[in-house]
>>> print(open('upload.cif').read())   # mmCIF, C-alpha atoms and all ligand atoms
data_entry
#
loop_
_atom_site.label_atom_id
_atom_site.label_comp_id
_atom_site.auth_asym_id
_atom_site.auth_seq_id
_atom_site.Cartn_x
_atom_site.Cartn_y
_atom_site.Cartn_z
CA MET A 1 -25.30 -71.36 -9.68
CA ASN A 2 -27.78 -69.01 -8.09
CA GLN A 3 -26.39 -65.59 -7.22
CA ILE A 4 -26.12 -64.64 -3.58
CA ILE A 5 -26.71 -60.98 -2.84
CA LEU A 6 -26.12 -59.35 0.52
CA ILE A 7 -27.79 -56.02 1.21
CA THR A 8 -27.02 -54.17 4.42
CA GLY A 9 -29.72 -51.98 5.97
CA SER A 10 -32.48 -53.95 4.22
CA ARG A 11 -35.23 -53.44 6.82
CA LYS A 12 -36.64 -50.28 5.20
CA GLY A 13 -36.00 -47.54 2.68
CA ILE A 14 -33.74 -48.14 -0.31
CA GLY A 15 -32.30 -51.37 1.08
CA ARG A 16 -35.73 -52.89 1.50
CA GLN A 17 -36.77 -52.13 -2.07
CA LEU A 18 -33.47 -53.42 -3.39
CA ALA A 19 -34.13 -56.67 -1.51
CA GLU A 20 -37.65 -56.93 -2.98
CA HIS A 21 -36.30 -56.18 -6.47
CA PHE A 22 -33.79 -59.02 -6.35
CA ILE A 23 -36.23 -61.45 -4.75
CA ALA A 24 -38.63 -60.73 -7.63
CA LEU A 25 -35.80 -61.71 -9.99
CA GLY A 26 -35.46 -65.02 -8.14
CA LYS A 27 -32.12 -64.26 -6.48
CA ASN A 28 -31.09 -65.37 -3.02
CA VAL A 29 -31.05 -62.26 -0.87
CA ILE A 30 -29.46 -61.94 2.54
CA GLY A 31 -30.25 -58.79 4.44
CA CYS A 32 -29.30 -57.24 7.73
CA SER A 33 -30.25 -54.38 10.01
CA ARG A 34 -30.27 -53.64 13.72
CA SER A 35 -33.98 -54.43 14.08
CA GLU A 36 -36.01 -57.38 12.82
CA SER A 37 -37.41 -57.28 9.31
CA ASP A 38 -40.99 -58.13 8.40
CA LEU A 39 -39.95 -59.23 4.93
CA ARG A 40 -40.90 -62.88 4.65
CA ASN A 41 -39.88 -64.82 1.57
CA GLU A 42 -38.21 -68.16 1.00
CA LEU A 43 -35.46 -66.43 -0.96
CA TYR A 44 -34.78 -63.99 1.88
CA THR A 45 -32.71 -64.44 5.04
CA HIS A 46 -32.41 -61.67 7.61
CA PHE A 47 -29.64 -61.14 10.14
CA CYS A 48 -30.27 -58.81 13.06
CA LEU A 49 -26.99 -57.03 13.55
CA ASP A 50 -25.20 -53.75 13.65
CA VAL A 51 -22.80 -53.39 10.73
CA THR A 52 -20.30 -51.77 13.07
CA ASP A 53 -20.06 -54.87 15.27
CA GLU A 54 -17.04 -56.79 13.99
CA VAL A 55 -17.83 -60.02 15.82
CA ALA A 56 -21.44 -60.08 14.60
CA VAL A 57 -20.45 -59.19 11.03
CA LYS A 58 -17.80 -61.91 10.95
CA LYS A 59 -20.32 -64.40 12.29
CA MET A 60 -22.82 -63.53 9.57
CA PHE A 61 -20.23 -64.00 6.83
CA SER A 62 -19.09 -67.24 8.37
CA GLN A 63 -22.68 -68.52 8.25
CA ILE A 64 -23.03 -67.37 4.63
CA ARG A 65 -19.81 -69.17 3.74
CA GLN A 66 -20.94 -72.35 5.42
CA LYS A 67 -24.42 -72.30 3.92
CA TYR A 68 -23.72 -71.11 0.37
CA GLY A 69 -19.94 -71.29 -0.02
CA HIS A 70 -19.91 -68.07 -2.01
CA ILE A 71 -21.23 -64.55 -2.21
CA ASP A 72 -21.48 -62.66 -5.48
CA ILE A 73 -22.76 -59.21 -4.68
CA LEU A 74 -22.48 -56.97 -1.65
CA ILE A 75 -24.54 -53.78 -1.43
CA ASN A 76 -23.38 -51.59 1.45
CA ASN A 77 -26.58 -49.62 1.79
CA ALA A 78 -26.84 -49.26 5.60
CA GLY A 79 -26.28 -45.67 6.52
CA ILE A 80 -27.39 -42.84 8.75
CA ALA A 81 -27.52 -39.09 8.25
CA SER A 82 -27.49 -36.04 10.46
CA MET A 83 -27.79 -32.38 9.61
CA ASN A 84 -26.21 -29.79 11.79
CA HIS A 85 -24.13 -26.68 11.57
CA PHE A 86 -20.48 -27.61 11.91
CA LEU A 87 -20.14 -25.41 15.02
CA LEU A 88 -23.03 -27.15 16.71
CA THR A 89 -22.06 -30.74 16.00
CA PRO A 90 -21.34 -32.93 19.02
CA LEU A 91 -18.39 -35.30 18.69
CA ILE A 92 -20.63 -38.26 19.39
CA THR A 93 -22.57 -37.51 16.17
CA VAL A 94 -19.33 -37.56 14.21
CA GLU A 95 -18.41 -40.90 15.74
CA LYS A 96 -21.83 -42.43 15.07
CA LEU A 97 -21.91 -41.30 11.46
CA PHE A 98 -18.42 -42.45 10.65
CA ILE A 99 -18.70 -45.74 12.44
CA THR A 100 -21.91 -46.64 10.58
CA ASN A 101 -21.27 -45.18 7.15
CA PHE A 102 -17.55 -45.80 6.89
CA ASN A 103 -16.57 -48.56 9.33
CA GLY A 104 -19.68 -50.57 8.44
CA THR A 105 -18.86 -50.40 4.74
CA PHE A 106 -15.25 -51.28 5.45
CA LEU A 107 -16.05 -54.28 7.64
CA CYS A 108 -18.67 -55.84 5.37
CA SER A 109 -16.49 -55.25 2.31
CA ARG A 110 -13.47 -56.86 3.93
CA GLU A 111 -15.35 -59.95 5.03
CA ALA A 112 -17.24 -60.29 1.73
CA SER A 113 -14.05 -59.91 -0.31
CA LYS A 114 -12.45 -62.76 1.59
CA ILE A 115 -15.19 -65.06 0.34
CA MET A 116 -15.45 -63.46 -3.13
CA GLN A 117 -11.75 -63.77 -3.89
CA LYS A 118 -11.95 -67.55 -3.78
CA LYS A 119 -14.11 -67.55 -6.89
CA ARG A 120 -12.16 -64.59 -8.25
CA TYR A 121 -15.52 -62.91 -8.70
CA GLY A 122 -17.43 -60.28 -6.81
CA ARG A 123 -19.29 -57.00 -7.09
CA ILE A 124 -19.33 -54.47 -4.28
CA ILE A 125 -21.60 -51.44 -4.41
CA ASN A 126 -21.20 -48.71 -1.84
CA PHE A 127 -23.44 -45.77 -1.05
CA SER A 128 -22.27 -42.19 -1.33
CA SER A 129 -24.48 -39.11 -1.69
CA VAL A 130 -24.73 -36.00 -3.82
CA ALA A 131 -23.91 -34.18 -0.56
CA VAL A 132 -20.26 -34.98 -1.37
CA ALA A 133 -20.18 -33.32 -4.78
CA LEU A 134 -22.32 -30.38 -3.64
CA ASN A 135 -20.30 -29.64 -0.46
CA LEU A 136 -23.63 -29.07 1.25
CA GLU A 137 -23.80 -26.73 4.20
CA GLY A 138 -25.17 -28.45 7.29
CA GLU A 139 -23.90 -31.80 6.08
CA ALA A 140 -20.20 -31.49 6.84
CA ILE A 141 -20.01 -34.75 8.77
CA TYR A 142 -22.41 -36.79 6.65
CA ALA A 143 -20.72 -35.65 3.44
CA SER A 144 -17.28 -36.33 4.91
CA SER A 145 -18.26 -39.85 5.90
CA LYS A 146 -19.59 -40.50 2.39
CA SER A 147 -16.51 -38.93 0.87
CA ALA A 148 -14.46 -41.40 2.90
CA VAL A 149 -16.61 -44.22 1.47
CA GLU A 150 -15.89 -43.01 -2.07
CA GLN A 151 -12.17 -42.83 -1.41
CA LEU A 152 -12.18 -46.26 0.19
CA SER A 153 -14.01 -47.64 -2.85
CA ARG A 154 -11.44 -46.22 -5.25
CA VAL A 155 -8.48 -47.75 -3.43
CA MET A 156 -10.35 -51.01 -2.85
CA SER A 157 -11.08 -51.21 -6.56
CA LYS A 158 -7.33 -51.19 -7.19
CA GLU A 159 -6.44 -53.69 -4.50
CA LEU A 160 -9.28 -56.06 -5.35
CA GLY A 161 -9.15 -55.74 -9.14
CA GLY A 162 -6.66 -58.60 -9.40
CA LEU A 163 -9.03 -60.79 -7.39
CA GLY A 164 -11.89 -60.30 -9.87
CA ILE A 165 -13.84 -57.98 -7.59
CA THR A 166 -15.20 -54.64 -8.79
CA VAL A 167 -16.07 -51.83 -6.38
CA ASN A 168 -18.30 -48.90 -7.31
CA CYS A 169 -20.46 -46.28 -5.64
CA VAL A 170 -23.90 -44.92 -6.30
CA ALA A 171 -24.57 -41.38 -5.04
CA PRO A 172 -28.30 -40.67 -4.79
CA THR A 173 -30.03 -37.29 -4.70
CA PRO A 174 -32.73 -36.82 -2.03
CA ILE A 175 -35.18 -39.72 -2.09
CA ASP A 176 -38.29 -39.88 0.03
CA THR A 177 -37.27 -42.25 2.87
CA ASP A 178 -37.05 -41.94 6.66
CA LEU A 179 -33.46 -40.81 6.25
CA ILE A 180 -34.47 -37.35 5.11
CA LYS A 181 -37.86 -36.97 6.77
CA ALA A 182 -36.47 -34.39 9.20
CA VAL A 183 -35.03 -32.24 6.41
CA PRO A 184 -37.26 -29.18 5.78
CA LYS A 185 -39.01 -28.95 2.40
CA ASN A 186 -37.29 -25.72 1.38
CA LYS A 187 -33.91 -27.39 1.93
CA ILE A 188 -34.91 -30.31 -0.31
CA ASP A 189 -36.19 -27.89 -2.98
CA GLU A 190 -32.91 -26.02 -2.85
CA LEU A 191 -31.02 -29.27 -3.25
CA ILE A 192 -33.12 -30.29 -6.25
CA SER A 193 -32.41 -26.90 -7.82
CA TYR A 194 -28.70 -27.85 -8.03
CA GLN A 195 -29.53 -30.96 -10.08
CA SER A 196 -29.41 -30.93 -13.89
CA ILE A 197 -32.60 -32.95 -13.84
CA LYS A 198 -34.90 -31.19 -11.41
CA ARG A 199 -37.04 -33.77 -9.69
CA MET A 200 -37.01 -35.84 -6.54
CA GLY A 201 -35.01 -39.06 -6.89
CA LEU A 202 -36.76 -42.42 -6.83
CA ILE A 203 -35.56 -45.70 -5.40
CA ASP A 204 -35.91 -47.07 -8.94
CA ASP A 205 -33.20 -44.63 -10.04
CA VAL A 206 -30.86 -46.23 -7.51
CA ILE A 207 -31.88 -49.76 -8.49
CA ASN A 208 -31.09 -48.93 -12.10
CA VAL A 209 -27.50 -47.96 -11.24
CA VAL A 210 -27.06 -51.00 -9.02
CA ASP A 211 -28.34 -53.21 -11.86
CA PHE A 212 -25.78 -51.63 -14.16
CA PHE A 213 -22.88 -52.23 -11.76
CA ILE A 214 -23.78 -55.87 -11.20
CA ASN A 215 -24.51 -56.64 -14.85
CA GLU A 216 -22.28 -59.41 -16.20
CA LYS A 217 -21.15 -57.00 -18.89
CA SER A 218 -19.91 -54.45 -16.32
CA SER A 219 -16.76 -56.41 -15.49
CA PHE A 220 -14.67 -53.50 -16.81
CA ILE A 221 -16.31 -50.90 -14.55
CA SER A 222 -14.65 -50.32 -11.19
CA GLY A 223 -13.66 -47.49 -8.86
CA GLN A 224 -16.47 -45.27 -10.19
CA THR A 225 -19.09 -43.16 -8.45
CA ILE A 226 -22.29 -42.45 -10.33
CA TYR A 227 -24.15 -39.35 -9.20
CA LEU A 228 -27.85 -39.28 -9.85
CA GLY A 229 -29.88 -36.32 -11.05
CA GLY A 230 -27.15 -35.08 -13.35
CA ILE A 231 -25.06 -33.81 -10.47
CA ILE A 232 -21.54 -33.31 -11.74
CA SER A 233 -18.71 -33.92 -9.30
CA MET B 1 -1.89 -78.57 25.64
CA ASN B 2 -0.15 -75.66 23.96
CA LYS B 3 2.28 -78.00 22.24
CA ILE B 4 -0.48 -80.09 20.72
CA ASN B 5 -2.09 -76.91 19.53
CA ARG B 6 1.05 -75.76 17.77
CA GLU B 7 1.35 -79.08 16.01
CA LYS B 8 -2.26 -78.93 14.96
CA ILE B 9 -1.81 -75.38 13.73
CA SER B 10 1.32 -76.34 11.83
CA GLU B 11 -0.54 -79.18 10.13
CA LEU B 12 -3.37 -76.85 9.29
CA VAL B 13 -1.05 -74.19 7.81
CA PHE B 14 0.82 -76.71 5.64
CA ASN B 15 -2.52 -78.12 4.48
CA CYS B 16 -3.66 -74.64 3.47
CA ILE B 17 -0.44 -74.09 1.55
CA LYS B 18 -1.01 -77.37 -0.26
CA LYS B 19 -4.58 -76.37 -1.10
CA TYR B 20 -3.38 -72.96 -2.22
CA GLN B 21 -0.93 -74.55 -4.66
CA GLU B 22 -3.61 -76.78 -6.12
CA GLU B 23 -6.21 -74.03 -6.37
CA TYR B 24 -4.02 -71.35 -7.89
CA GLU B 25 -1.61 -73.67 -9.71
CA GLN B 26 1.33 -71.92 -8.16
CA ILE B 27 4.22 -73.79 -6.61
CA ILE B 28 5.50 -72.83 -3.17
CA ASP B 29 8.76 -74.62 -2.49
CA ILE B 30 8.51 -75.79 1.14
CA ALA B 31 11.79 -77.72 1.22
CA GLU B 32 12.96 -75.45 4.02
CA GLY B 33 9.96 -76.39 6.15
CA GLU B 34 9.10 -73.76 8.70
CA GLN B 35 12.00 -71.64 7.48
CA THR B 36 10.31 -71.26 4.09
CA ARG B 37 9.99 -67.61 3.16
CA LEU B 38 6.44 -66.58 2.34
CA PHE B 39 6.11 -62.83 1.94
CA GLY B 40 8.48 -59.87 1.73
CA GLY B 41 12.25 -60.10 0.96
CA ASN B 42 12.63 -63.23 -1.24
CA GLY B 43 9.16 -64.43 -0.25
CA GLN B 44 7.38 -66.69 -2.70
CA LEU B 45 3.98 -65.02 -2.47
CA ASP B 46 2.91 -61.74 -4.01
CA SER B 47 0.37 -59.64 -2.12
CA LEU B 48 -2.65 -61.23 -3.79
CA GLY B 49 -1.21 -64.66 -3.03
CA LEU B 50 -0.75 -63.69 0.61
CA VAL B 51 -4.33 -62.45 0.83
CA SER B 52 -5.68 -65.73 -0.53
CA LEU B 53 -3.53 -67.83 1.78
CA VAL B 54 -4.34 -65.77 4.88
CA VAL B 55 -8.06 -66.00 4.15
CA SER B 56 -7.95 -69.74 3.67
CA ILE B 57 -6.03 -70.18 6.94
CA GLU B 58 -8.55 -68.01 8.82
CA GLU B 59 -11.37 -70.15 7.43
CA GLU B 60 -9.64 -73.41 8.23
CA ILE B 61 -9.01 -72.31 11.82
CA GLU B 62 -12.63 -71.37 12.20
CA THR B 63 -13.82 -74.68 10.76
CA GLU B 64 -11.31 -76.92 12.52
CA LEU B 65 -10.85 -75.17 15.86
CA GLY B 66 -14.08 -73.16 16.05
CA ILE B 67 -12.15 -69.95 16.68
CA ALA B 68 -12.74 -66.83 14.58
CA ILE B 69 -9.52 -64.83 14.20
CA VAL B 70 -8.34 -61.98 12.02
CA LEU B 71 -4.76 -62.76 11.08
CA ALA B 72 -3.89 -59.39 9.64
CA ASP B 73 -4.56 -57.45 12.82
CA GLU B 74 -2.79 -54.44 14.20
CA LYS B 75 -0.36 -56.52 16.22
CA ALA B 76 0.69 -58.47 13.13
CA MET B 77 1.26 -55.32 11.12
CA SER B 78 3.36 -53.56 13.74
CA ARG B 79 5.77 -56.40 14.53
CA ARG B 80 9.44 -56.12 13.70
CA THR B 81 9.42 -59.63 12.31
CA SER B 82 6.34 -59.96 10.18
CA PRO B 83 4.31 -63.09 10.96
CA PHE B 84 3.98 -63.51 7.22
CA SER B 85 7.70 -63.61 6.48
CA ARG B 86 8.22 -67.32 7.10
CA ILE B 87 5.94 -70.30 7.64
CA GLY B 88 7.30 -70.81 11.18
CA ASN B 89 6.61 -67.21 12.16
CA LEU B 90 3.09 -67.55 10.87
CA ILE B 91 2.49 -70.71 12.89
CA ASP B 92 3.90 -69.03 16.02
CA TYR B 93 1.68 -66.05 15.48
CA ILE B 94 -1.47 -68.11 15.00
CA ASP B 95 -0.57 -70.15 18.07
CA GLU B 96 -0.33 -66.91 20.03
CA LEU B 97 -3.68 -65.62 18.74
CA VAL B 98 -5.47 -68.89 19.34
CA SER B 99 -4.12 -69.26 22.87
CA SER B 100 -5.13 -65.77 23.91
N1 LIG C 301 -32.77 -41.19 1.11
C1 LIG C 301 -31.94 -40.31 0.61
O1 LIG C 301 -32.31 -39.18 0.32
C2 LIG C 301 -30.48 -40.68 0.37
C3 LIG C 301 -29.70 -39.79 -0.37
C4 LIG C 301 -28.35 -40.09 -0.59
C5 LIG C 301 -27.83 -41.25 -0.07
N2 LIG C 301 -28.60 -42.10 0.66
C6 LIG C 301 -27.97 -43.31 1.22
O2 LIG C 301 -28.75 -44.44 0.90
C7 LIG C 301 -28.60 -45.43 1.92
C8 LIG C 301 -29.96 -45.93 2.37
O3 LIG C 301 -30.67 -44.84 2.89
P1 LIG C 301 -32.25 -44.83 3.13
O4 LIG C 301 -32.74 -43.55 2.63
O5 LIG C 301 -32.86 -46.09 2.64
O6 LIG C 301 -32.27 -44.76 4.74
P2 LIG C 301 -33.34 -45.35 5.80
O7 LIG C 301 -34.70 -45.38 5.21
O8 LIG C 301 -33.10 -44.55 7.04
O9 LIG C 301 -32.85 -46.85 6.03
C9 LIG C 301 -31.59 -47.13 6.57
C10 LIG C 301 -31.45 -48.65 6.71
O10 LIG C 301 -30.16 -48.94 7.28
C11 LIG C 301 -30.32 -49.73 8.46
N3 LIG C 301 -29.24 -49.38 9.37
C12 LIG C 301 -28.92 -48.14 9.88
N4 LIG C 301 -27.87 -48.22 10.70
C13 LIG C 301 -27.48 -49.53 10.72
C14 LIG C 301 -26.46 -50.25 11.39
N5 LIG C 301 -25.60 -49.64 12.20
N6 LIG C 301 -26.37 -51.58 11.18
C15 LIG C 301 -27.24 -52.21 10.36
N7 LIG C 301 -28.22 -51.58 9.69
C16 LIG C 301 -28.34 -50.26 9.88
C17 LIG C 301 -31.73 -49.41 8.97
O11 LIG C 301 -32.31 -50.46 9.71
P3 LIG C 301 -32.23 -50.51 11.34
O12 LIG C 301 -32.68 -49.18 11.84
O13 LIG C 301 -33.12 -51.64 11.73
O14 LIG C 301 -30.79 -50.79 11.67
C18 LIG C 301 -32.48 -49.26 7.64
O15 LIG C 301 -32.87 -50.52 7.15
C19 LIG C 301 -27.77 -44.78 3.02
O16 LIG C 301 -26.43 -45.18 2.91
C20 LIG C 301 -27.90 -43.30 2.72
O17 LIG C 301 -26.81 -42.55 3.20
C21 LIG C 301 -29.93 -41.83 0.88
#
>>> encode(input="upload.cif", output="structure tokens", more="lines below")
Ligand SMILES: NC(=O)c1ccc[n+]([C@@H]2O[C@H](COP(=O)([O-])OP(=O)(O)OC[C@H]3O[C@@H](n4cnc5c(N)ncnc54)[C@H](OP(=O)(O)O)[C@@H]3O)[C@@H](O)[C@H]2O)c1
Amino acid sequence: MNQIILITGSRKGIGRQLAEHFIALGKNVIGCSRSESDLRNELYTHFCLDVTDEVAVKKMFSQIRQKYGHIDILINNAGIASMNHFLLTPLITVEKLFITNFNGTFLCSREASKIMQKKRYGRIINFSSVAVALNLEGEAIYASSKSAVEQLSRVMSKELGGLGITVNCVAPTPIDTDLIKAVPKNKIDELISYQSIKRMGLIDDVINVVDFFINEKSSFISGQTIYLGGIIS
Amino acid sequence: MNKINREKISELVFNCIKKYQEEYEQIIDIAEGEQTRLFGGNGQLDSLGLVSLVVSIEEEIETELGIAIVLADEKAMSRRTSPFSRIGNLIDYIDELVSS
């Protein structure tokens, strides 16, 4: 049976390239984002939705269930970032970051697991960031929201293990996407200087980790977070 | 109207239990009918079993009645008598959710 892969936040950036990667491998890819996608391919279906909207998310999963009857892989890539000194952070920013990064991951994972557990098989990959391990100044809220995602993944891995579902996180270093375009160059250079391997991350580095987590042979890997760039947590 | 709904829901819940038994090859003794204990104190389901059953009931309700519900919501979790304790309580709870 052909694998069904759902990638959230697939309109651009890492999510988009993940979608293209799996399409090139002949997999059925379902993507979603708040705006329309210009990715056109017979293997690709796009849902326009906000991952924080419970009704819309449930509707998408219901349509997936009716059309395919199963879902094998969920990649919770949709996320937003914001840099600000803790003292200057408005509450609304905290709410937006948490609702997207954490609630969105929670909601999609819950609905996907309901479908996955029927086949007693599933792989969930969540997105953290090296900002967690590095306790980066200016990223208190972003790092906290990603830390919450890591913690959620660890407990989920325990609760879902018996249902044949693994849950892992990938934590990228800075990668050249819109997400970090507002971050000044000296800040990025400083960040890279903390890495064991001192270069900018590539989307391919993320794809490699995702490929590892979803590999058939990775059925014994769950509850883990892999940091890129040799960052040690 | 409400009465018919409860009967329909009851039928749907018992069907899901039947399907659950076939799918997971686990026997749930329903001799006590709606009084049958499902989860918690002497319940016949473990937590994974409950998850599977709840999910299949949610799906069945969506398919059969066209209503999307989340059974394990805050109300369910904070009740003194858990809707998951006995089959009858579960049917009552679904009836309540569907009617609202
Ligand atoms: N780039 C980096 O340096 C870096 C480093 C560490 C971790 N990460 C993580 O990697 C993931 C992807 O980041 P990226 O760099 O690819 O970011 P990006 O280029 O800004 O893309 C974010 C994607 O998520 C979608 N999205 C945002 N909010 C959404 C919502 N509420 N509902 C649905 N879709 C939503 C966006 O589409 P719409 O705008 O159309 O909704 C877009 O497709 C994020 O979780 C991020 O935290 C990135």
>>> closest_atom_pairs(input="upload.cif", of="chain A", to="ligand LIG 301 (chain C)", cutoff="8 Å", atoms="all atoms listed in the file", output="tab-separated table")
residue	atom	partner	partner_atom	distance
A:Thr8	CA	C:LIG301	N7	6.0
A:Gly9	CA	C:LIG301	O10	3.3
A:Ser10	CA	C:LIG301	O15	4.5
A:Arg11	CA	C:LIG301	O15	3.8
A:Lys12	CA	C:LIG301	O15	4.3
A:Gly13	CA	C:LIG301	O5	3.5
A:Ile14	CA	C:LIG301	O5	3.7
A:Gly15	CA	C:LIG301	O5	5.5
A:Arg16	CA	C:LIG301	O15	6.8
A:Cys32	CA	C:LIG301	C15	6.0
A:Ser33	CA	C:LIG301	N7	3.5
A:Arg34	CA	C:LIG301	O14	3.5
A:Ser35	CA	C:LIG301	O13	3.7
A:Glu36	CA	C:LIG301	O13	6.5
A:Ser37	CA	C:LIG301	O13	7.5
A:Cys48	CA	C:LIG301	C15	7.7
A:Leu49	CA	C:LIG301	C15	5.8
A:Asp50	CA	C:LIG301	N6	3.5
A:Val51	CA	C:LIG301	N6	4.0
A:Thr52	CA	C:LIG301	N5	5.8
A:Asn76	CA	C:LIG301	O16	7.2
A:Asn77	CA	C:LIG301	O16	4.6
A:Ala78	CA	C:LIG301	O10	3.7
A:Gly79	CA	C:LIG301	O16	3.6
A:Ile80	CA	C:LIG301	O17	5.6
A:Ala81	CA	C:LIG301	O17	6.2
A:Ile99	CA	C:LIG301	N5	7.9
A:Thr100	CA	C:LIG301	N5	5.0
A:Asn101	CA	C:LIG301	O16	6.7
A:Gly104	CA	C:LIG301	N5	7.1
A:Asn126	CA	C:LIG301	O16	7.9
A:Phe127	CA	C:LIG301	O16	5.0
A:Ser128	CA	C:LIG301	C5	5.8
A:Ser129	CA	C:LIG301	C4	4.1
A:Val130	CA	C:LIG301	C4	6.3
A:Ala131	CA	C:LIG301	C4	7.4
A:Lys146	CA	C:LIG301	O17	7.5
A:Ala171	CA	C:LIG301	C5	5.9
A:Pro172	CA	C:LIG301	C4	4.2
A:Thr173	CA	C:LIG301	C3	5.0
A:Pro174	CA	C:LIG301	O1	3.4
A:Ile175	CA	C:LIG301	O1	3.8
A:Asp176	CA	C:LIG301	N1	5.8
A:Thr177	CA	C:LIG301	O7	4.7
A:Asp178	CA	C:LIG301	O7	4.4
A:Leu179	CA	C:LIG301	O8	3.8
A:Ile180	CA	C:LIG301	O1	5.6
A:Gly201	CA	C:LIG301	O1	7.7
>>> residues_near_point(input="upload.cif", point="(-0.7, -73.2, 19.3)", cutoff="8 Å", atoms="only C-alpha atoms", output="list of chain:residue names")
B:Asn2, B:Lys3, B:Ile4, B:Asn5, B:Arg6, B:Glu7, B:Lys8, B:Ile9, B:Ile91, B:Asp92, B:Ile94, B:Asp95, B:Glu96, B:Val98, B:Ser99
>>> closest_residue(input="upload.cif", among="A:Val149, A:Val132, A:Met116, A:Leu97", to="chain B", atoms="all atoms listed in the file")
A:Met116
>>> closest_residue(input="upload.cif", among="A:Ala133, A:Ile73, A:Leu163, A:Ala24", to="B:Leu50", atoms="all atoms listed in the file")
A:Leu163
>>> interface_residues(input="upload.cif", of="chain A", to="chain B", cutoff="8 Å", atoms="all atoms listed in the file", output="tab-separated table (two decimals) with C-alpha atoms, keeping the file's coordinate frame")
chain	number	residue	atom	x	y	z
A	58	LYS	CA	-17.80	-61.91	10.95
A	114	LYS	CA	-12.45	-62.76	1.59
A	117	GLN	CA	-11.75	-63.77	-3.89
A	118	LYS	CA	-11.95	-67.55	-3.78
A	162	GLY	CA	-6.66	-58.60	-9.40
A	163	LEU	CA	-9.03	-60.79	-7.39
>>> atom_distance(input="upload.cif", atom1="atom CA of B:Leu90", atom2="atom CA of A:Glu111")
20.8 Å
>>> residues_near_point(input="upload.cif", point="(-23.0, -65.9, -5.3)", cutoff="10 Å", atoms="all atoms listed in the file", output="list in words")
Met1, Asn2, Gln3, Ile4, Ile5, Leu6, Lys27, Asn28, Val29, Tyr68, Gly69, His70, Ile71, Asp72, Ile73, Leu74, Ile115, Met116, Lys119, Tyr121, Gly122 and Arg123 of chain A
>>> atom_distance(input="upload.cif", atom1="atom CA of A:Gly138", atom2="atom CA of A:Phe86")
6.6 Å
>>> residues_around(input="upload.cif", residues="B:Ile28", least_positions_apart="6", cutoff="10 Å", atoms="only C-alpha atoms", output="count of residues only")
10
>>> atom_distance(input="upload.cif", atom1="atom CA of A:Tyr142", atom2="atom CA of A:Ile207")
22.1 Å
>>> closest_residue(input="upload.cif", among="A:Ile231, A:Gln195, A:Asp38, A:Ile75", to="A:Val210", atoms="all atoms listed in the file")
A:Ile75
>>> residues_around(input="upload.cif", residues="stretch 215-222 of chain A", least_positions_apart="5", cutoff="10 Å", atoms="all atoms listed in the file", output="list of chain:residue names")
A:Tyr121, A:Gly122, A:Arg123, A:Ile124, A:Ile125, A:Ser153, A:Arg154, A:Met156, A:Ser157, A:Lys158, A:Leu160, A:Gly161, A:Gly164, A:Ile165, A:Thr166, A:Val167, A:Asn168, A:Cys169, A:Val209, A:Val210
>>> axis_aligned_box(input="upload.cif", around="stretch 8-19 of chain B", padding_each_side="3 Å", output="JSON")
{"center_x": -1.6, "center_y": -76.6, "center_z": 6.9, "size_x": 11.9, "size_y": 11.1, "size_z": 22.1}
>>> closest_residue(input="upload.cif", among="A:Leu107, A:Ile226, A:Met83, A:Ala19", to="A:Asn41", atoms="all atoms listed in the file")
A:Ala19
